[in-house]
Amino acid sequence: ATTERPYFIGFFPIENRRWLLSYIGVNKSYPPRGEADFIRALEQLGIPAVRETVRRMKPISPVYSGRATRNRWRHYERWRTPLGRFIAIADASCSFNPRFGQGMSAATVSARLLQECLARYSPTDLRLPPAFFAAQARFQWTPWLLSAADDLRLPMSEGNRSLSIRLFNWYRRQLVTCPDRQVSAQLGQVTQFLRPISSLFAPQIASRAL
């Protein structure tokens, strides 16, 4: 994305010889709505190959658009008043900008954490909600940093650009641009929630990235 072309294009293969095309606007340059507007937007792309590829393909669904890009974390693990038997899972607790594609994976991990807590506490045990919220919050820190911190690199994003966020964004840039395969593999595993985000700061990873 640049000032002249404030968008990202994601065009990649999925199952059954199908392709998914995503048009992501940046800094309130909203993506097109509806079929006609979408086609016109493709014609103005700085990447003719995408436009030509789409022209040769057959659409299998309407164009869907959305503007719910807010990252929001409801910190139930910090509530001091008893929550009774209340449980909020996945997006009901922490939701992310969908352009990062983390929502369903984060929901799956949260469901697994709830299952583990239910193995220790019965559904009526008042210790269940605080135990689950604490476990879910520990996990949510990873997708939260990957999504919210990255959004805060953009000047029109609203949020607290703390020193830790700015340092993390700087360090992630070193990770992304590092040609070392071990670094890129580790970053990929963290992004896919296979490893904790702390593994990105392991000495063998940090030394290679820096």
# chains A, B, ... in the order shown; residues from 1 in each chain; ligands from 1
>>> residues_around(residues="Leu167 in chain A", least_positions_apart="5", cutoff="12 Å", atoms="only C-alpha atoms", output="number ranges by chain")
A: 145, 149-150, 152-153, 161-162, 172-174
>>> write_last_selection(atoms="N, CA and C atoms", output="tab-separated table (two decimals), in the first residue's frame")
chain	number	residue	atom	x	y	z
A	145	LEU	N	-1.19	-8.77	19.46
A	145	LEU	CA	0.01	-8.07	19.01
A	145	LEU	C	0.16	-8.13	17.50
A	149	ALA	N	-1.07	-4.26	16.82
A	149	ALA	CA	0.20	-3.55	16.68
A	149	ALA	C	0.48	-3.21	15.22
A	150	ASP	N	0.19	-4.15	14.34
A	150	ASP	CA	0.44	-3.90	12.92
A	150	ASP	C	-0.46	-2.78	12.40
A	152	LEU	N	-1.48	-0.27	14.02
A	152	LEU	CA	-1.02	1.01	14.56
A	152	LEU	C	0.18	1.57	13.81
A	153	ARG	N	0.71	0.83	12.85
A	153	ARG	CA	1.74	1.39	11.98
A	153	ARG	C	1.15	2.43	11.03
A	161	ARG	N	-0.14	4.10	20.84
A	161	ARG	CA	1.14	3.64	20.30
A	161	ARG	C	2.20	3.69	21.39
A	162	SER	N	2.11	2.73	22.29
A	162	SER	CA	3.04	2.69	23.41
A	162	SER	C	4.44	2.36	22.91
A	172	ARG	N	9.47	-6.76	14.51
A	172	ARG	CA	8.81	-7.64	13.54
A	172	ARG	C	9.27	-7.33	12.12
A	173	ARG	N	9.54	-6.07	11.83
A	173	ARG	CA	10.06	-5.72	10.50
A	173	ARG	C	11.40	-6.41	10.25
A	174	GLN	N	12.23	-6.51	11.29
A	174	GLN	CA	13.49	-7.23	11.14
A	174	GLN	C	13.25	-8.71	10.89
>>> select_by_dssp(residues="range 36-199 of chain A", states="alpha helix (DSSP H)", output="PDB file with N, CA and C atoms, in the first residue's frame")
ATOM      1  N   ALA A  36     -20.396  -4.182  -9.738  1.00  0.00           N
ATOM      2  CA  ALA A  36     -19.952  -3.170 -10.701  1.00  0.00           C
ATOM      3  C   ALA A  36     -18.794  -2.346 -10.143  1.00  0.00           C
ATOM      4  N   ASP A  37     -18.925  -1.906  -8.901  1.00  0.00           N
ATOM      5  CA  ASP A  37     -17.849  -1.122  -8.289  1.00  0.00           C
ATOM      6  C   ASP A  37     -16.571  -1.941  -8.154  1.00  0.00           C
ATOM      7  N   PHE A  38     -16.720  -3.236  -7.867  1.00  0.00           N
ATOM      8  CA  PHE A  38     -15.555  -4.090  -7.706  1.00  0.00           C
ATOM      9  C   PHE A  38     -14.800  -4.243  -9.028  1.00  0.00           C
ATOM     10  N   ILE A  39     -15.551  -4.434 -10.110  1.00  0.00           N
ATOM     11  CA  ILE A  39     -14.916  -4.572 -11.418  1.00  0.00           C
ATOM     12  C   ILE A  39     -14.202  -3.284 -11.806  1.00  0.00           C
ATOM     13  N   ARG A  40     -14.836  -2.151 -11.539  1.00  0.00           N
ATOM     14  CA  ARG A  40     -14.204  -0.861 -11.859  1.00  0.00           C
ATOM     15  C   ARG A  40     -12.921  -0.682 -11.049  1.00  0.00           C
ATOM     16  N   ALA A  41     -12.942  -1.110  -9.784  1.00  0.00           N
ATOM     17  CA  ALA A  41     -11.748  -0.990  -8.944  1.00  0.00           C
ATOM     18  C   ALA A  41     -10.616  -1.863  -9.483  1.00  0.00           C
ATOM     19  N   LEU A  42     -10.949  -3.052  -9.970  1.00  0.00           N
ATOM     20  CA  LEU A  42      -9.921  -3.923 -10.532  1.00  0.00           C
ATOM     21  C   LEU A  42      -9.296  -3.314 -11.780  1.00  0.00           C
ATOM     22  N   GLU A  43     -10.108  -2.603 -12.565  1.00  0.00           N
ATOM     23  CA  GLU A  43      -9.598  -1.979 -13.788  1.00  0.00           C
ATOM     24  C   GLU A  43      -8.598  -0.868 -13.488  1.00  0.00           C
ATOM     25  N   PRO A  48      -1.892  -5.113 -13.463  1.00  0.00           N
ATOM     26  CA  PRO A  48      -2.753  -5.607 -14.551  1.00  0.00           C
ATOM     27  C   PRO A  48      -2.966  -7.111 -14.524  1.00  0.00           C
ATOM     28  N   ALA A  49      -2.001  -7.865 -14.003  1.00  0.00           N
ATOM     29  CA  ALA A  49      -2.123  -9.323 -13.999  1.00  0.00           C
ATOM     30  C   ALA A  49      -3.344  -9.787 -13.217  1.00  0.00           C
ATOM     31  N   VAL A  50      -3.662  -9.104 -12.099  1.00  0.00           N
ATOM     32  CA  VAL A  50      -4.837  -9.479 -11.306  1.00  0.00           C
ATOM     33  C   VAL A  50      -6.102  -9.249 -12.115  1.00  0.00           C
ATOM     34  N   ARG A  51      -6.216  -8.084 -12.722  1.00  0.00           N
ATOM     35  CA  ARG A  51      -7.395  -7.757 -13.521  1.00  0.00           C
ATOM     36  C   ARG A  51      -7.581  -8.759 -14.656  1.00  0.00           C
ATOM     37  N   GLU A  52      -6.493  -9.099 -15.345  1.00  0.00           N
ATOM     38  CA  GLU A  52      -6.587 -10.012 -16.484  1.00  0.00           C
ATOM     39  C   GLU A  52      -6.934 -11.427 -16.027  1.00  0.00           C
ATOM     40  N   THR A  53      -6.388 -11.850 -14.900  1.00  0.00           N
ATOM     41  CA  THR A  53      -6.693 -13.177 -14.381  1.00  0.00           C
ATOM     42  C   THR A  53      -8.161 -13.290 -13.997  1.00  0.00           C
ATOM     43  N   VAL A  54      -8.684 -12.267 -13.331  1.00  0.00           N
ATOM     44  CA  VAL A  54     -10.095 -12.271 -12.932  1.00  0.00           C
ATOM     45  C   VAL A  54     -10.995 -12.291 -14.167  1.00  0.00           C
ATOM     46  N   ARG A  55     -10.609 -11.571 -15.204  1.00  0.00           N
ATOM     47  CA  ARG A  55     -11.417 -11.528 -16.421  1.00  0.00           C
ATOM     48  C   ARG A  55     -11.585 -12.910 -17.041  1.00  0.00           C
ATOM     49  N   GLY A 103      -9.352 -14.817  13.098  1.00  0.00           N
ATOM     50  CA  GLY A 103     -10.543 -14.999  13.921  1.00  0.00           C
ATOM     51  C   GLY A 103     -10.919 -16.443  14.191  1.00  0.00           C
ATOM     52  N   MET A 104     -11.051 -17.245  13.134  1.00  0.00           N
ATOM     53  CA  MET A 104     -11.506 -18.624  13.322  1.00  0.00           C
ATOM     54  C   MET A 104     -10.456 -19.474  14.023  1.00  0.00           C
ATOM     55  N   SER A 105      -9.184 -19.226  13.718  1.00  0.00           N
ATOM     56  CA  SER A 105      -8.124 -19.974  14.394  1.00  0.00           C
ATOM     57  C   SER A 105      -8.079 -19.619  15.880  1.00  0.00           C
ATOM     58  N   ALA A 106      -8.234 -18.330  16.181  1.00  0.00           N
ATOM     59  CA  ALA A 106      -8.244 -17.907  17.584  1.00  0.00           C
ATOM     60  C   ALA A 106      -9.445 -18.492  18.320  1.00  0.00           C
ATOM     61  N   ALA A 107     -10.591 -18.555  17.646  1.00  0.00           N
ATOM     62  CA  ALA A 107     -11.786 -19.137  18.259  1.00  0.00           C
ATOM     63  C   ALA A 107     -11.580 -20.620  18.550  1.00  0.00           C
ATOM     64  N   THR A 108     -10.897 -21.320  17.644  1.00  0.00           N
ATOM     65  CA  THR A 108     -10.638 -22.751  17.837  1.00  0.00           C
ATOM     66  C   THR A 108      -9.737 -22.985  19.047  1.00  0.00           C
ATOM     67  N   VAL A 109      -8.685 -22.164  19.172  1.00  0.00           N
ATOM     68  CA  VAL A 109      -7.797 -22.306  20.330  1.00  0.00           C
ATOM     69  C   VAL A 109      -8.554 -21.982  21.618  1.00  0.00           C
ATOM     70  N   SER A 110      -9.393 -20.950  21.582  1.00  0.00           N
ATOM     71  CA  SER A 110     -10.173 -20.589  22.772  1.00  0.00           C
ATOM     72  C   SER A 110     -11.112 -21.717  23.172  1.00  0.00           C
ATOM     73  N   ALA A 111     -11.715 -22.395  22.184  1.00  0.00           N
ATOM     74  CA  ALA A 111     -12.597 -23.526  22.481  1.00  0.00           C
ATOM     75  C   ALA A 111     -11.816 -24.662  23.138  1.00  0.00           C
ATOM     76  N   ARG A 112     -10.588 -24.891  22.669  1.00  0.00           N
ATOM     77  CA  ARG A 112      -9.754 -25.924  23.278  1.00  0.00           C
ATOM     78  C   ARG A 112      -9.406 -25.561  24.720  1.00  0.00           C
ATOM     79  N   LEU A 113      -9.107 -24.287  24.965  1.00  0.00           N
ATOM     80  CA  LEU A 113      -8.796 -23.839  26.329  1.00  0.00           C
ATOM     81  C   LEU A 113     -10.000 -24.019  27.250  1.00  0.00           C
ATOM     82  N   LEU A 114     -11.195 -23.742  26.724  1.00  0.00           N
ATOM     83  CA  LEU A 114     -12.409 -23.941  27.523  1.00  0.00           C
ATOM     84  C   LEU A 114     -12.594 -25.422  27.840  1.00  0.00           C
ATOM     85  N   GLN A 115     -12.319 -26.275  26.862  1.00  0.00           N
ATOM     86  CA  GLN A 115     -12.417 -27.717  27.088  1.00  0.00           C
ATOM     87  C   GLN A 115     -11.453 -28.164  28.181  1.00  0.00           C
ATOM     88  N   GLU A 116     -10.235 -27.624  28.171  1.00  0.00           N
ATOM     89  CA  GLU A 116      -9.259 -27.987  29.200  1.00  0.00           C
ATOM     90  C   GLU A 116      -9.703 -27.512  30.579  1.00  0.00           C
ATOM     91  N   CYS A 117     -10.302 -26.319  30.639  1.00  0.00           N
ATOM     92  CA  CYS A 117     -10.794 -25.814  31.929  1.00  0.00           C
ATOM     93  C   CYS A 117     -11.976 -26.637  32.429  1.00  0.00           C
ATOM     94  N   LEU A 118     -12.830 -27.094  31.509  1.00  0.00           N
ATOM     95  CA  LEU A 118     -13.975 -27.918  31.906  1.00  0.00           C
ATOM     96  C   LEU A 118     -13.532 -29.292  32.395  1.00  0.00           C
ATOM     97  N   ALA A 119     -12.345 -29.713  31.994  1.00  0.00           N
ATOM     98  CA  ALA A 119     -11.821 -30.975  32.505  1.00  0.00           C
ATOM     99  C   ALA A 119     -11.409 -30.841  33.968  1.00  0.00           C
ATOM    100  N   ARG A 120     -11.157 -29.602  34.414  1.00  0.00           N
ATOM    101  CA  ARG A 120     -10.753 -29.368  35.807  1.00  0.00           C
ATOM    102  C   ARG A 120     -11.911 -28.883  36.675  1.00  0.00           C
ATOM    103  N   LEU A 128     -14.559 -21.723  37.386  1.00  0.00           N
ATOM    104  CA  LEU A 128     -14.388 -21.934  35.939  1.00  0.00           C
ATOM    105  C   LEU A 128     -14.196 -20.625  35.175  1.00  0.00           C
ATOM    106  N   PRO A 129     -15.086 -19.615  35.298  1.00  0.00           N
ATOM    107  CA  PRO A 129     -14.891 -18.393  34.497  1.00  0.00           C
ATOM    108  C   PRO A 129     -13.543 -17.715  34.700  1.00  0.00           C
ATOM    109  N   PRO A 130     -13.100 -17.450  35.949  1.00  0.00           N
ATOM    110  CA  PRO A 130     -11.802 -16.771  36.076  1.00  0.00           C
ATOM    111  C   PRO A 130     -10.640 -17.608  35.545  1.00  0.00           C
ATOM    112  N   ALA A 131     -10.706 -18.923  35.722  1.00  0.00           N
ATOM    113  CA  ALA A 131      -9.629 -19.771  35.195  1.00  0.00           C
ATOM    114  C   ALA A 131      -9.599 -19.724  33.678  1.00  0.00           C
ATOM    115  N   PHE A 132     -10.772 -19.796  33.061  1.00  0.00           N
ATOM    116  CA  PHE A 132     -10.822 -19.768  31.607  1.00  0.00           C
ATOM    117  C   PHE A 132     -10.404 -18.408  31.058  1.00  0.00           C
ATOM    118  N   PHE A 133     -10.911 -17.322  31.656  1.00  0.00           N
ATOM    119  CA  PHE A 133     -10.574 -15.991  31.155  1.00  0.00           C
ATOM    120  C   PHE A 133      -9.073 -15.725  31.264  1.00  0.00           C
ATOM    121  N   ALA A 134      -8.446 -16.216  32.322  1.00  0.00           N
ATOM    122  CA  ALA A 134      -7.002 -16.030  32.466  1.00  0.00           C
ATOM    123  C   ALA A 134      -6.251 -16.805  31.380  1.00  0.00           C
ATOM    124  N   ALA A 135      -6.662 -18.037  31.112  1.00  0.00           N
ATOM    125  CA  ALA A 135      -6.006 -18.845  30.078  1.00  0.00           C
ATOM    126  C   ALA A 135      -6.225 -18.250  28.699  1.00  0.00           C
ATOM    127  N   GLN A 136      -7.445 -17.791  28.435  1.00  0.00           N
ATOM    128  CA  GLN A 136      -7.746 -17.211  27.136  1.00  0.00           C
ATOM    129  C   GLN A 136      -6.969 -15.917  26.917  1.00  0.00           C
ATOM    130  N   ALA A 137      -6.835 -15.117  27.956  1.00  0.00           N
ATOM    131  CA  ALA A 137      -6.097 -13.853  27.827  1.00  0.00           C
ATOM    132  C   ALA A 137      -4.625 -14.097  27.534  1.00  0.00           C
ATOM    133  N   ARG A 138      -4.037 -15.125  28.159  1.00  0.00           N
ATOM    134  CA  ARG A 138      -2.627 -15.436  27.888  1.00  0.00           C
ATOM    135  C   ARG A 138      -2.429 -15.789  26.414  1.00  0.00           C
ATOM    136  N   PHE A 139      -3.374 -16.535  25.864  1.00  0.00           N
ATOM    137  CA  PHE A 139      -3.274 -16.880  24.449  1.00  0.00           C
ATOM    138  C   PHE A 139      -3.550 -15.678  23.548  1.00  0.00           C
ATOM    139  N   GLN A 140      -4.549 -14.873  23.896  1.00  0.00           N
ATOM    140  CA  GLN A 140      -4.968 -13.776  23.020  1.00  0.00           C
ATOM    141  C   GLN A 140      -3.894 -12.720  22.846  1.00  0.00           C
ATOM    142  N   TRP A 141      -2.924 -12.694  23.721  1.00  0.00           N
ATOM    143  CA  TRP A 141      -1.865 -11.693  23.586  1.00  0.00           C
ATOM    144  C   TRP A 141      -1.136 -11.826  22.257  1.00  0.00           C
ATOM    145  N   THR A 142      -0.976 -13.065  21.764  1.00  0.00           N
ATOM    146  CA  THR A 142      -0.276 -13.270  20.497  1.00  0.00           C
ATOM    147  C   THR A 142      -1.058 -12.698  19.312  1.00  0.00           C
ATOM    148  N   PRO A 143      -2.300 -13.125  19.053  1.00  0.00           N
ATOM    149  CA  PRO A 143      -3.017 -12.523  17.924  1.00  0.00           C
ATOM    150  C   PRO A 143      -3.265 -11.029  18.101  1.00  0.00           C
ATOM    151  N   TRP A 144      -3.385 -10.583  19.345  1.00  0.00           N
ATOM    152  CA  TRP A 144      -3.592  -9.154  19.572  1.00  0.00           C
ATOM    153  C   TRP A 144      -2.389  -8.342  19.105  1.00  0.00           C
ATOM    154  N   ASP A 150       0.194  -4.150  14.337  1.00  0.00           N
ATOM    155  CA  ASP A 150       0.441  -3.896  12.918  1.00  0.00           C
ATOM    156  C   ASP A 150      -0.455  -2.775  12.400  1.00  0.00           C
ATOM    157  N   ASP A 151      -1.718  -2.743  12.823  1.00  0.00           N
ATOM    158  CA  ASP A 151      -2.614  -1.669  12.402  1.00  0.00           C
ATOM    159  C   ASP A 151      -2.114  -0.307  12.860  1.00  0.00           C
ATOM    160  N   LEU A 163       5.425   2.561  23.778  1.00  0.00           N
ATOM    161  CA  LEU A 163       6.804   2.252  23.417  1.00  0.00           C
ATOM    162  C   LEU A 163       6.947   0.773  23.083  1.00  0.00           C
ATOM    163  N   SER A 164       6.280  -0.094  23.854  1.00  0.00           N
ATOM    164  CA  SER A 164       6.390  -1.529  23.598  1.00  0.00           C
ATOM    165  C   SER A 164       5.809  -1.898  22.236  1.00  0.00           C
ATOM    166  N   ILE A 165       4.716  -1.243  21.845  1.00  0.00           N
ATOM    167  CA  ILE A 165       4.116  -1.505  20.533  1.00  0.00           C
ATOM    168  C   ILE A 165       5.063  -1.052  19.428  1.00  0.00           C
ATOM    169  N   ARG A 166       5.647   0.128  19.596  1.00  0.00           N
ATOM    170  CA  ARG A 166       6.561   0.639  18.570  1.00  0.00           C
ATOM    171  C   ARG A 166       7.797  -0.249  18.453  1.00  0.00           C
ATOM    172  N   LEU A 167       8.316  -0.716  19.578  1.00  0.00           N
ATOM    173  CA  LEU A 167       9.484  -1.606  19.549  1.00  0.00           C
ATOM    174  C   LEU A 167       9.133  -2.942  18.894  1.00  0.00           C
ATOM    175  N   PHE A 168       7.948  -3.456  19.208  1.00  0.00           N
ATOM    176  CA  PHE A 168       7.552  -4.732  18.610  1.00  0.00           C
ATOM    177  C   PHE A 168       7.406  -4.596  17.095  1.00  0.00           C
ATOM    178  N   ASN A 169       6.796  -3.499  16.640  1.00  0.00           N
ATOM    179  CA  ASN A 169       6.653  -3.297  15.201  1.00  0.00           C
ATOM    180  C   ASN A 169       8.019  -3.185  14.519  1.00  0.00           C
ATOM    181  N   TRP A 170       8.950  -2.515  15.185  1.00  0.00           N
ATOM    182  CA  TRP A 170      10.297  -2.423  14.613  1.00  0.00           C
ATOM    183  C   TRP A 170      10.947  -3.798  14.543  1.00  0.00           C
ATOM    184  N   TYR A 171      10.817  -4.577  15.609  1.00  0.00           N
ATOM    185  CA  TYR A 171      11.437  -5.902  15.648  1.00  0.00           C
ATOM    186  C   TYR A 171      10.784  -6.843  14.638  1.00  0.00           C
ATOM    187  N   ARG A 172       9.471  -6.761  14.506  1.00  0.00           N
ATOM    188  CA  ARG A 172       8.806  -7.638  13.542  1.00  0.00           C
ATOM    189  C   ARG A 172       9.274  -7.332  12.123  1.00  0.00           C
ATOM    190  N   ARG A 173       9.543  -6.067  11.834  1.00  0.00           N
ATOM    191  CA  ARG A 173      10.058  -5.715  10.503  1.00  0.00           C
ATOM    192  C   ARG A 173      11.397  -6.406  10.253  1.00  0.00           C
ATOM    193  N   GLN A 174      12.227  -6.511  11.292  1.00  0.00           N
ATOM    194  CA  GLN A 174      13.494  -7.225  11.139  1.00  0.00           C
ATOM    195  C   GLN A 174      13.246  -8.713  10.886  1.00  0.00           C
ATOM    196  N   LEU A 175      12.245  -9.268  11.565  1.00  0.00           N
ATOM    197  CA  LEU A 175      11.924 -10.681  11.369  1.00  0.00           C
ATOM    198  C   LEU A 175      11.416 -10.947   9.958  1.00  0.00           C
ATOM    199  N   VAL A 176      10.531 -10.082   9.482  1.00  0.00           N
ATOM    200  CA  VAL A 176       9.907 -10.292   8.173  1.00  0.00           C
ATOM    201  C   VAL A 176      10.932 -10.175   7.055  1.00  0.00           C
ATOM    202  N   THR A 177      11.864  -9.247   7.186  1.00  0.00           N
ATOM    203  CA  THR A 177      12.843  -9.020   6.118  1.00  0.00           C
ATOM    204  C   THR A 177      14.082  -9.892   6.243  1.00  0.00           C
ATOM    205  N   ARG A 181      16.076 -18.852   6.999  1.00  0.00           N
ATOM    206  CA  ARG A 181      14.909 -19.738   6.950  1.00  0.00           C
ATOM    207  C   ARG A 181      14.387 -20.103   8.335  1.00  0.00           C
ATOM    208  N   GLN A 182      15.269 -20.222   9.296  1.00  0.00           N
ATOM    209  CA  GLN A 182      14.821 -20.554  10.645  1.00  0.00           C
ATOM    210  C   GLN A 182      13.977 -19.421  11.224  1.00  0.00           C
ATOM    211  N   VAL A 183      14.369 -18.188  10.944  1.00  0.00           N
ATOM    212  CA  VAL A 183      13.608 -17.036  11.430  1.00  0.00           C
ATOM    213  C   VAL A 183      12.229 -17.001  10.779  1.00  0.00           C
ATOM    214  N   SER A 184      12.169 -17.158   9.468  1.00  0.00           N
ATOM    215  CA  SER A 184      10.872 -17.112   8.776  1.00  0.00           C
ATOM    216  C   SER A 184       9.980 -18.275   9.208  1.00  0.00           C
ATOM    217  N   ALA A 185      10.573 -19.455   9.454  1.00  0.00           N
ATOM    218  CA  ALA A 185       9.786 -20.600   9.911  1.00  0.00           C
ATOM    219  C   ALA A 185       9.213 -20.345  11.302  1.00  0.00           C
ATOM    220  N   GLN A 186      10.019 -19.764  12.173  1.00  0.00           N
ATOM    221  CA  GLN A 186       9.552 -19.465  13.527  1.00  0.00           C
ATOM    222  C   GLN A 186       8.434 -18.432  13.492  1.00  0.00           C
ATOM    223  N   LEU A 187       8.596 -17.398  12.665  1.00  0.00           N
ATOM    224  CA  LEU A 187       7.562 -16.375  12.548  1.00  0.00           C
ATOM    225  C   LEU A 187       6.272 -16.987  12.012  1.00  0.00           C
ATOM    226  N   GLY A 188       6.382 -17.870  11.046  1.00  0.00           N
ATOM    227  CA  GLY A 188       5.200 -18.526  10.503  1.00  0.00           C
ATOM    228  C   GLY A 188       4.488 -19.373  11.536  1.00  0.00           C
ATOM    229  N   GLN A 189       5.233 -20.076  12.382  1.00  0.00           N
ATOM    230  CA  GLN A 189       4.618 -20.906  13.409  1.00  0.00           C
ATOM    231  C   GLN A 189       3.924 -20.065  14.474  1.00  0.00           C
ATOM    232  N   VAL A 190       4.503 -18.914  14.804  1.00  0.00           N
ATOM    233  CA  VAL A 190       3.849 -18.018  15.760  1.00  0.00           C
ATOM    234  C   VAL A 190       2.572 -17.443  15.154  1.00  0.00           C
ATOM    235  N   THR A 191       2.635 -17.052  13.894  1.00  0.00           N
ATOM    236  CA  THR A 191       1.463 -16.500  13.215  1.00  0.00           C
ATOM    237  C   THR A 191       0.331 -17.511  13.154  1.00  0.00           C
TER     238      THR A 191
END
>>> select_by_dssp(residues="range 29-196 of chain A", states="strand (DSSP E or B)", output="list in words")
Arg72, Trp73, Cys94 and Ser95 of chain A
>>> write_last_selection(atoms="N, CA and C atoms", output="mmCIF file, in the first residue's frame")
data_model
loop_
_atom_site.group_PDB
_atom_site.id
_atom_site.type_symbol
_atom_site.label_atom_id
_atom_site.label_comp_id
_atom_site.auth_asym_id
_atom_site.auth_seq_id
_atom_site.Cartn_x
_atom_site.Cartn_y
_atom_site.Cartn_z
ATOM 1 N N ARG A 72 -10.660 -5.194 19.169
ATOM 2 C CA ARG A 72 -11.288 -4.881 20.467
ATOM 3 C C ARG A 72 -11.065 -6.039 21.432
ATOM 4 N N TRP A 73 -10.554 -5.696 22.623
ATOM 5 C CA TRP A 73 -10.276 -6.701 23.655
ATOM 6 C C TRP A 73 -11.033 -6.324 24.921
ATOM 7 N N CYS A 94 -12.398 -11.076 22.466
ATOM 8 C CA CYS A 94 -11.345 -10.359 21.749
ATOM 9 C C CYS A 94 -11.541 -10.558 20.252
ATOM 10 N N SER A 95 -11.730 -9.479 19.529
ATOM 11 C CA SER A 95 -11.931 -9.559 18.080
ATOM 12 C C SER A 95 -10.826 -8.788 17.380
#
>>> closest_atom_pairs(of="range 33-138 of chain A", to="range 4-20 of chain A", cutoff="9 Å", atoms="only C-alpha atoms", output="Markdown table")
| residue | atom | partner | partner_atom | distance |
| --- | --- | --- | --- | --- |
| A:Leu45 | CA | A:Arg5 | CA | 8.2 |
| A:Gly46 | CA | A:Arg5 | CA | 7.7 |
| A:Val50 | CA | A:Phe11 | CA | 7.8 |
| A:Ile60 | CA | A:Arg18 | CA | 9.0 |
>>> write_last_selection(atoms="C-alpha atoms", output="PDB file, in the first residue's frame")
ATOM      1  CA  LEU A  45      -5.304  -1.520 -10.168  1.00  0.00           C
ATOM      2  CA  GLY A  46      -1.601  -0.964 -10.559  1.00  0.00           C
ATOM      3  CA  VAL A  50      -4.837  -9.479 -11.306  1.00  0.00           C
ATOM      4  CA  ILE A  60     -18.855 -18.437  -7.965  1.00  0.00           C
TER       5      ILE A  60
END
>>> atom_distance(atom1="CA of Glu35 in chain A", atom2="CA of Ser61 in chain A")
10.2 Å
>>> atom_distance(atom1="CA of Ala148 in chain A", atom2="CA of Thr81 in chain A")
27.5 Å
>>> residues_around(residues="Lys28 in chain A", least_positions_apart="5", cutoff="12 Å", atoms="only C-alpha atoms", output="short mmCIF file (atom, residue, chain, number, x, y, z; two decimals) with C-alpha atoms, in the first residue's frame")
data_model
loop_
_atom_site.label_atom_id
_atom_site.label_comp_id
_atom_site.auth_asym_id
_atom_site.auth_seq_id
_atom_site.Cartn_x
_atom_site.Cartn_y
_atom_site.Cartn_z
CA THR A 3 -0.35 7.00 -0.68
CA PRO A 6 -4.03 2.80 -0.61
CA TYR A 7 -4.96 -0.87 -0.81
CA ARG A 67 -15.77 -2.46 7.26
CA ALA A 68 -15.55 -4.06 10.71
CA THR A 69 -11.80 -3.67 11.09
CA LEU A 154 -0.81 3.21 9.82
CA PRO A 155 -1.15 6.95 10.61
CA MET A 156 -4.96 7.03 10.62
CA SER A 157 -5.38 4.06 12.96
CA GLU A 158 -6.73 5.03 16.37
#
